[in-house]
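A.B. asks: Contents of structure-v4.pdb (PDB, C-alpha atoms) are below:
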```pdb
MODEL        1
ATOM      1  CA  GLN N1335       0.000   0.000   0.000
ATOM      2  CA  ALA N1336       2.827   2.390   0.835
ATOM      3  CA  GLY N1337       4.401   1.833  -2.583
ATOM      4  CA  LEU N1338       1.142   2.414  -4.404
ATOM      5  CA  THR N1339       0.476   5.543  -2.385
ATOM      6  CA  ALA N1340       3.939   6.913  -3.161
ATOM      7  CA  ALA N1341       3.608   5.936  -6.825
ATOM      8  CA  ALA N1342       0.306   7.797  -6.980
ATOM      9  CA  GLY N1343       2.153  10.982  -6.122
ATOM     10  CA  PHE N1344       1.543  11.343  -2.417
ATOM     11  CA  PRO N1345       4.583  12.484  -0.420
ATOM     12  CA  ALA N1346       6.786   9.644   0.801
ATOM     13  CA  ALA N1347       9.477  11.777   2.449
ATOM     14  CA  PRO N1348       8.031  11.574   5.989
ATOM     15  CA  TYR N1349       8.073   7.766   5.769
ATOM     16  CA  ARG N1350      11.290   7.292   3.774
ATOM     17  CA  GLU N1351      13.264   5.533   6.527
ATOM     18  CA  GLU N1352      10.455   3.098   7.283
ATOM     19  CA  ILE N1353       9.935   2.486   3.565
ATOM     20  CA  ARG N1354      13.670   1.921   3.115
ATOM     21  CA  LYS N1355      13.711  -0.715   5.885
ATOM     22  CA  VAL N1356      10.740  -2.601   4.455
ATOM     23  CA  ALA N1357      12.075  -2.354   0.896
ATOM     24  CA  SER N1358      15.482  -3.660   2.037
ATOM     25  CA  GLY N1359      13.871  -6.640   3.707
ATOM     26  CA  LEU N1360      11.791  -7.457   0.656
ATOM     27  CA  ALA N1361      14.657  -6.993  -1.800
ATOM     28  CA  ALA N1362      16.910  -9.265   0.252
ATOM     29  CA  THR N1363      14.638 -12.307  -0.116
ATOM     30  CA  ARG N1364      15.207 -15.065  -2.626
ATOM     31  CA  ASP N1365      11.579 -14.845  -3.766
ATOM     32  CA  ALA N1366      11.379 -12.975  -7.092
ATOM     33  CA  GLU N1367       7.944 -11.524  -6.324
ATOM     34  CA  LEU N1368       8.990 -10.162  -2.940
ATOM     35  CA  THR N1369      12.229  -8.787  -4.369
ATOM     36  CA  ALA N1370      10.219  -7.058  -7.086
ATOM     37  CA  ALA N1371       7.937  -5.592  -4.407
ATOM     38  CA  GLY N1372      11.012  -4.234  -2.616
ATOM     39  CA  PHE N1373      12.278  -2.653  -5.831
ATOM     40  CA  PHE N1374       8.874  -1.104  -6.515
ATOM     41  CA  LEU N1375       8.465   0.197  -2.985
ATOM     42  CA  ALA N1376      11.915   1.804  -2.991
ATOM     43  CA  THR N1377      11.590   3.445  -6.384
ATOM     44  CA  ALA N1378       8.001   4.573  -5.807
ATOM     45  CA  SER N1379       9.261   6.522  -2.834
ATOM     46  CA  GLY N1380      12.128   7.966  -4.873
ATOM     47  CA  ALA N1381      14.898   5.913  -3.274
ATOM     48  CA  GLU N1382      17.680   4.765  -5.581
ATOM     49  CA  ASP N1383      19.058   2.298  -3.029
ATOM     50  CA  PHE N1384      18.671  -0.759  -5.259
ATOM     51  CA  SER N1385      19.692   0.658  -8.632
ATOM     52  CA  ARG N1386      22.715  -1.638  -8.925
ATOM     53  CA  GLU N1387      20.709  -4.730  -7.951
ATOM     54  CA  MET N1388      17.941  -3.826 -10.387
ATOM     55  CA  LEU N1389      20.429  -3.316 -13.205
ATOM     56  CA  ASP N1390      22.081  -6.667 -12.438
ATOM     57  CA  THR N1391      18.658  -8.332 -12.418
ATOM     58  CA  LEU N1392      17.665  -6.699 -15.699
ATOM     59  CA  ARG N1393      20.865  -7.776 -17.383
ATOM     60  CA  SER N1394      21.299 -11.303 -16.058
ATOM     61  CA  ASP N1395      18.295 -12.818 -14.267
ATOM     62  CA  PRO N1396      16.746 -15.725 -16.194
ATOM     63  CA  SER N1397      13.233 -14.783 -15.054
ATOM     64  CA  SER N1398      11.353 -12.534 -17.482
ATOM     65  CA  GLY N1399       9.135 -11.401 -14.597
ATOM     66  CA  ALA N1400      12.110 -10.402 -12.451
ATOM     67  CA  LYS N1401      13.564  -8.486 -15.391
ATOM     68  CA  LEU N1402      10.239  -6.726 -15.929
ATOM     69  CA  TYR N1403      10.061  -5.452 -12.354
ATOM     70  CA  ALA N1404      13.709  -4.435 -12.337
ATOM     71  CA  ALA N1405      13.104  -2.508 -15.572
ATOM     72  CA  CYS N1406      10.002  -0.967 -14.006
ATOM     73  CA  GLY N1407      11.974   0.335 -11.049
ATOM     74  CA  LEU N1408      14.822   1.562 -13.213
ATOM     75  CA  ALA N1409      12.454   3.345 -15.603
ATOM     76  CA  ARG N1410      10.814   5.041 -12.631
ATOM     77  CA  LEU N1411      14.264   6.388 -11.752
ATOM     78  CA  GLY N1412      14.841   7.601 -15.320
ATOM     79  CA  SER N1413      16.941   4.742 -16.689
ATOM     80  CA  LEU N1414      16.886   4.539 -20.476
ATOM     81  CA  GLU N1415      17.819   0.848 -20.320
ATOM     82  CA  GLY N1416      14.833   0.122 -18.086
ATOM     83  CA  GLY N1417      12.517   2.117 -20.340
ATOM     84  CA  ARG N1418      13.760   0.344 -23.481
ATOM     85  CA  HIS N1419      13.184  -3.059 -21.890
ATOM     86  CA  LEU N1420       9.628  -2.072 -20.938
ATOM     87  CA  ALA N1421       8.947  -0.797 -24.454
ATOM     88  CA  GLN N1422      10.121  -4.145 -25.880
ATOM     89  CA  LEU N1423       7.846  -6.042 -23.498
ATOM     90  CA  ALA N1424       4.932  -3.705 -24.239
ATOM     91  CA  ALA N1425       5.245  -4.538 -27.922
ATOM     92  CA  GLY N1426       5.902  -8.242 -27.296
ATOM     93  CA  ALA N1427       3.817 -11.362 -27.622
ATOM     94  CA  ASP N1428       3.335 -12.277 -23.943
ATOM     95  CA  PRO N1429       0.032 -10.678 -22.878
ATOM     96  CA  GLU N1430       0.819 -10.814 -19.142
ATOM     97  CA  LEU N1431       4.202  -9.133 -19.510
ATOM     98  CA  ARG N1432       2.777  -6.691 -22.050
ATOM     99  CA  GLY N1433       0.079  -5.508 -19.644
ATOM    100  CA  GLU N1434       2.509  -5.102 -16.757
ATOM    101  CA  ALA N1435       4.987  -3.280 -18.995
ATOM    102  CA  PHE N1436       2.341  -0.729 -19.982
ATOM    103  CA  SER N1437       1.467  -0.244 -16.313
ATOM    104  CA  CYS N1438       5.120   0.414 -15.534
ATOM    105  CA  LEU N1439       5.480   2.828 -18.442
ATOM    106  CA  ALA N1440       2.855   5.021 -16.805
ATOM    107  CA  TYR N1441       5.422   5.773 -14.072
ATOM    108  CA  ALA N1442       8.579   5.938 -16.222
ATOM    109  CA  PHE N1443      10.587   9.156 -16.266
ATOM    110  CA  ASP N1444      12.317   8.453 -19.598
ATOM    111  CA  PRO N1445      11.464  11.383 -21.910
ATOM    112  CA  GLY N1446      10.797   8.950 -24.760
ATOM    113  CA  THR N1447       7.999   7.212 -22.874
ATOM    114  CA  GLY N1448       5.251   9.724 -23.655
ATOM    115  CA  PRO N1449       5.849   9.644 -27.430
ATOM    116  CA  PHE N1450       6.114   5.828 -27.346
ATOM    117  CA  LEU N1451       2.765   5.539 -25.555
ATOM    118  CA  ALA N1452       1.128   8.107 -27.858
ATOM    119  CA  SER N1453       2.275   6.128 -30.879
ATOM    120  CA  ALA N1454       1.041   2.843 -29.386
ATOM    121  CA  ALA N1455      -2.313   4.498 -28.584
ATOM    122  CA  ARG N1456      -2.750   5.225 -32.303
ATOM    123  CA  GLY N1457      -1.621   1.745 -33.349
ATOM    124  CA  ARG N1458      -3.569  -0.973 -35.084
ATOM    125  CA  ASP N1459      -3.620  -3.445 -32.200
ATOM    126  CA  PRO N1460      -6.711  -2.518 -30.152
ATOM    127  CA  ASP N1461      -5.403  -4.180 -26.969
ATOM    128  CA  LEU N1462      -2.082  -2.321 -27.140
ATOM    129  CA  ALA N1463      -3.832   0.929 -28.015
ATOM    130  CA  GLU N1464      -6.154   0.645 -25.019
ATOM    131  CA  ARG N1465      -3.306  -0.145 -22.633
ATOM    132  CA  ALA N1466      -1.280   2.760 -23.989
ATOM    133  CA  LYS N1467      -4.238   5.137 -23.565
ATOM    134  CA  MET N1468      -4.695   4.038 -19.958
ATOM    135  CA  ALA N1469      -0.992   4.581 -19.251
ATOM    136  CA  LEU N1470      -1.172   8.061 -20.809
ATOM    137  CA  ILE N1471      -4.200   8.937 -18.676
ATOM    138  CA  LEU N1472      -2.405   7.789 -15.525
ATOM    139  CA  ARG N1473       0.685   9.830 -16.473
ATOM    140  CA  LYS N1474      -1.505  12.927 -16.815
ATOM    141  CA  GLN N1475      -3.163  12.267 -13.465
ATOM    142  CA  LEU N1476       0.211  11.836 -11.786
ATOM    143  CA  ALA N1477       1.435  15.089 -13.338
ATOM    144  CA  ILE N1478      -1.571  16.908 -11.878
ATOM    145  CA  ILE N1479      -0.979  15.444  -8.419
ATOM    146  CA  LYS N1480       2.700  16.417  -8.442
ATOM    147  CA  LYS N1481       1.927  20.077  -9.254
TER     148      LYS N1481
ENDMDL
END
```
Would you mind writing the file out in structure tokens?

C.D. replies:
Amino acid sequence: QAGLTAAAGFPAAPYREEIRKVASGLAATRDAELTAAGFFLATASGAEDFSREMLDTLRSDPSSGAKLYAACGLARLGSLEGGRHLAQLAAGADPELRGEAFSCLAYAFDPGTGPFLASAARGRDPDLAERAKMALILRKQLAIIKK
């Protein structure tokens, strides 16, 4: 809940130390889902504590899901490599990864993300276009909250 609240634009600064402790505990597990939750929690609150671990995961983990969540966290921090990986997944054949990638792109700080989503929203694939439109709407909502 804390990660989703921070990702939605609500201030995380007053809770940063508590978030950091929880994120560290989650990221230290051997469970890919819990590690991904730790990455998300940290990056949603603006902490770059796990950038190296996320980059290592993105580059070498055999799990496509682990790579997705590492890319999600990295893209949230402005990483071009994370954003490119998400864009590849968003255009890929796996519907589960594609949907999650579009969700992550809504939070990505890469300047190329907006144009990528706008292009996908005008594309021929109705599923991709709908997902891209939803991500664009969320990006606009987040921009309003941060003002």

A.B. asks: Calculate how many Å separate CA of Ala1370 (chain N) from CA of Lys1401 (chain N), rounding to one decimal.

C.D. replies: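 Interatomic distance here is 9.1 Å.
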
A.B. asks: Give me, please, the distance in Å between CA of Phe1373 (chain N) and CA of Arg1473 (chain N), quoted to one decimal.

C.D. replies: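 These two atoms are separated by 20.1 Å.
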
A.B. asks: Could you list, as a PyMOL selection string, every residue matched by the PyMOL selection byres ((chain N and resi 1423-1439) around 9) in this structure?

C.D. replies: chain N and resi 1398-1399+1402-1403+1405-1407+1409-1410+1417-1422+1440-1444+1447-1448+1451+1454+1462+1465-1466+1468-1470+1472-1473

A.B. asks: What's the 10 Å shell around Gly1380 (chain N), counting only C-alpha atoms, without same-chain residues fewer than 6 positions away, as a list of chain:residue names?

C.D. replies: N:Ala1340, N:Ala1341, N:Pro1345, N:Ala1346, N:Ala1347, N:Arg1350, N:Phe1374, N:Gly1407, N:Arg1410, N:Leu1411

A.B. asks: What's around region 1363-1368 of chain N at 9 Å? Count only C-alpha atoms, leave out sequence neighbours fewer than 3 positions away in its own chain, and write the answer as a list in words.

C.D. replies: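 What passes the distance filter is Ser1358, Gly1359, Leu1360, Ala1371, Gly1372, Phe1373, Ser1397, Gly1399, Ala1400 and Tyr1403 of chain N.
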
A.B. asks: Just how far from CA of Pro1449 (chain N) is CA of Ala1463 (chain N), in Å to one decimal?

C.D. replies: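 Computing the Euclidean distance for CA of Ala1463 (chain N) and CA of Pro1449 (chain N) yields 13.0 Å.
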
A.B. asks: Going by the chain IDs and residue numbers used in this file, which residues fall under the PyMOL selection byres ((chain N and resi 1354) around 9)? Write them as a PDB file with C-alpha atoms, keeping the file's coordinate frame.

C.D. replies:
```pdb
ATOM      1  CA  TYR N1349       8.073   7.766   5.769  1.00  0.00           C
ATOM      2  CA  ARG N1350      11.290   7.292   3.774  1.00  0.00           C
ATOM      3  CA  GLU N1351      13.264   5.533   6.527  1.00  0.00           C
ATOM      4  CA  GLU N1352      10.455   3.098   7.283  1.00  0.00           C
ATOM      5  CA  ILE N1353       9.935   2.486   3.565  1.00  0.00           C
ATOM      6  CA  LYS N1355      13.711  -0.715   5.885  1.00  0.00           C
ATOM      7  CA  VAL N1356      10.740  -2.601   4.455  1.00  0.00           C
ATOM      8  CA  ALA N1357      12.075  -2.354   0.896  1.00  0.00           C
ATOM      9  CA  SER N1358      15.482  -3.660   2.037  1.00  0.00           C
ATOM     10  CA  GLY N1359      13.871  -6.640   3.707  1.00  0.00           C
ATOM     11  CA  GLY N1372      11.012  -4.234  -2.616  1.00  0.00           C
ATOM     12  CA  LEU N1375       8.465   0.197  -2.985  1.00  0.00           C
ATOM     13  CA  ALA N1376      11.915   1.804  -2.991  1.00  0.00           C
ATOM     14  CA  SER N1379       9.261   6.522  -2.834  1.00  0.00           C
ATOM     15  CA  ALA N1381      14.898   5.913  -3.274  1.00  0.00           C
ATOM     16  CA  ASP N1383      19.058   2.298  -3.029  1.00  0.00           C
TER      17      ASP N1383
END
```

A.B. asks: Padding 8 Å on every side, please: axis-aligned box over the listed atoms of region 1461-1478 of chain N, centre and edge lengths to one decimal in Å, as lines of an AutoDock Vina configuration file.

C.D. replies:
```
center_x = -2.4
center_y = 6.4
center_z = -19.9
size_x = 23.6
size_y = 37.1
size_z = 32.2
```

A.B. asks: Could you model N, CA and C atoms for region 1350-1380 of chain N and present them as an mmCIF file, in the coordinates of the input?

C.D. replies:
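After the write, rebuild06.cif holds the following:
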```
data_model
loop_
_atom_site.group_PDB
_atom_site.id
_atom_site.type_symbol
_atom_site.label_atom_id
_atom_site.label_comp_id
_atom_site.auth_asym_id
_atom_site.auth_seq_id
_atom_site.Cartn_x
_atom_site.Cartn_y
_atom_site.Cartn_z
ATOM 1 N N ARG N 1350 10.201 7.851 4.571
ATOM 2 C CA ARG N 1350 11.290 7.292 3.774
ATOM 3 C C ARG N 1350 12.107 6.255 4.534
ATOM 4 N N GLU N 1351 12.445 6.499 5.789
ATOM 5 C CA GLU N 1351 13.264 5.533 6.527
ATOM 6 C C GLU N 1351 12.518 4.226 6.757
ATOM 7 N N GLU N 1352 11.244 4.324 7.098
ATOM 8 C CA GLU N 1352 10.455 3.098 7.283
ATOM 9 C C GLU N 1352 10.311 2.351 5.961
ATOM 10 N N ILE N 1353 10.063 3.100 4.890
ATOM 11 C CA ILE N 1353 9.935 2.486 3.565
ATOM 12 C C ILE N 1353 11.246 1.803 3.183
ATOM 13 N N ARG N 1354 12.354 2.467 3.445
ATOM 14 C CA ARG N 1354 13.670 1.921 3.115
ATOM 15 C C ARG N 1354 13.906 0.593 3.844
ATOM 16 N N LYS N 1355 13.527 0.520 5.117
ATOM 17 C CA LYS N 1355 13.711 -0.715 5.885
ATOM 18 C C LYS N 1355 12.873 -1.857 5.307
ATOM 19 N N VAL N 1356 11.615 -1.564 5.009
ATOM 20 C CA VAL N 1356 10.740 -2.601 4.455
ATOM 21 C C VAL N 1356 11.234 -3.023 3.077
ATOM 22 N N ALA N 1357 11.591 -2.049 2.243
ATOM 23 C CA ALA N 1357 12.075 -2.354 0.896
ATOM 24 C C ALA N 1357 13.348 -3.195 0.954
ATOM 25 N N SER N 1358 14.239 -2.884 1.882
ATOM 26 C CA SER N 1358 15.482 -3.660 2.037
ATOM 27 C C SER N 1358 15.182 -5.105 2.401
ATOM 28 N N GLY N 1359 14.247 -5.287 3.315
ATOM 29 C CA GLY N 1359 13.871 -6.640 3.707
ATOM 30 C C GLY N 1359 13.269 -7.428 2.554
ATOM 31 N N LEU N 1360 12.409 -6.788 1.805
ATOM 32 C CA LEU N 1360 11.791 -7.457 0.656
ATOM 33 C C LEU N 1360 12.817 -7.773 -0.426
ATOM 34 N N ALA N 1361 13.673 -6.806 -0.737
ATOM 35 C CA ALA N 1361 14.657 -6.993 -1.800
ATOM 36 C C ALA N 1361 15.700 -8.051 -1.451
ATOM 37 N N ALA N 1362 15.901 -8.302 -0.174
ATOM 38 C CA ALA N 1362 16.910 -9.265 0.252
ATOM 39 C C ALA N 1362 16.423 -10.712 0.182
ATOM 40 N N THR N 1363 15.159 -10.933 -0.066
ATOM 41 C CA THR N 1363 14.638 -12.307 -0.116
ATOM 42 C C THR N 1363 15.075 -12.992 -1.405
ATOM 43 N N ARG N 1364 14.901 -14.287 -1.425
ATOM 44 C CA ARG N 1364 15.207 -15.065 -2.626
ATOM 45 C C ARG N 1364 13.949 -15.268 -3.480
ATOM 46 N N ASP N 1365 12.847 -14.733 -3.035
ATOM 47 C CA ASP N 1365 11.579 -14.845 -3.766
ATOM 48 C C ASP N 1365 11.483 -13.689 -4.760
ATOM 49 N N ALA N 1366 11.370 -14.000 -6.044
ATOM 50 C CA ALA N 1366 11.379 -12.975 -7.092
ATOM 51 C C ALA N 1366 10.245 -11.964 -6.918
ATOM 52 N N GLU N 1367 9.077 -12.431 -6.497
ATOM 53 C CA GLU N 1367 7.944 -11.524 -6.324
ATOM 54 C C GLU N 1367 8.172 -10.546 -5.173
ATOM 55 N N LEU N 1368 8.722 -11.039 -4.078
ATOM 56 C CA LEU N 1368 8.990 -10.162 -2.940
ATOM 57 C C LEU N 1368 10.126 -9.190 -3.253
ATOM 58 N N THR N 1369 11.139 -9.671 -3.960
ATOM 59 C CA THR N 1369 12.229 -8.787 -4.369
ATOM 60 C C THR N 1369 11.687 -7.679 -5.264
ATOM 61 N N ALA N 1370 10.828 -8.054 -6.204
ATOM 62 C CA ALA N 1370 10.219 -7.058 -7.086
ATOM 63 C C ALA N 1370 9.414 -6.045 -6.281
ATOM 64 N N ALA N 1371 8.706 -6.502 -5.262
ATOM 65 C CA ALA N 1371 7.937 -5.592 -4.407
ATOM 66 C C ALA N 1371 8.867 -4.625 -3.688
ATOM 67 N N GLY N 1372 10.028 -5.101 -3.260
ATOM 68 C CA GLY N 1372 11.012 -4.234 -2.616
ATOM 69 C C GLY N 1372 11.535 -3.182 -3.570
ATOM 70 N N PHE N 1373 11.831 -3.601 -4.813
ATOM 71 C CA PHE N 1373 12.278 -2.653 -5.831
ATOM 72 C C PHE N 1373 11.208 -1.587 -6.064
ATOM 73 N N PHE N 1374 9.966 -2.037 -6.234
ATOM 74 C CA PHE N 1374 8.874 -1.104 -6.515
ATOM 75 C C PHE N 1374 8.679 -0.128 -5.359
ATOM 76 N N LEU N 1375 8.666 -0.646 -4.161
ATOM 77 C CA LEU N 1375 8.465 0.197 -2.985
ATOM 78 C C LEU N 1375 9.557 1.263 -2.890
ATOM 79 N N ALA N 1376 10.802 0.858 -3.078
ATOM 80 C CA ALA N 1376 11.915 1.804 -2.991
ATOM 81 C C ALA N 1376 11.812 2.876 -4.065
ATOM 82 N N THR N 1377 11.608 2.460 -5.299
ATOM 83 C CA THR N 1377 11.590 3.445 -6.384
ATOM 84 C C THR N 1377 10.345 4.308 -6.353
ATOM 85 N N ALA N 1378 9.223 3.770 -5.899
ATOM 86 C CA ALA N 1378 8.001 4.573 -5.807
ATOM 87 C C ALA N 1378 8.183 5.711 -4.818
ATOM 88 N N SER N 1379 9.023 5.476 -3.820
ATOM 89 C CA SER N 1379 9.261 6.522 -2.834
ATOM 90 C C SER N 1379 10.441 7.416 -3.228
ATOM 91 N N GLY N 1380 11.034 7.142 -4.381
ATOM 92 C CA GLY N 1380 12.128 7.966 -4.873
ATOM 93 C C GLY N 1380 13.505 7.522 -4.444
#
```
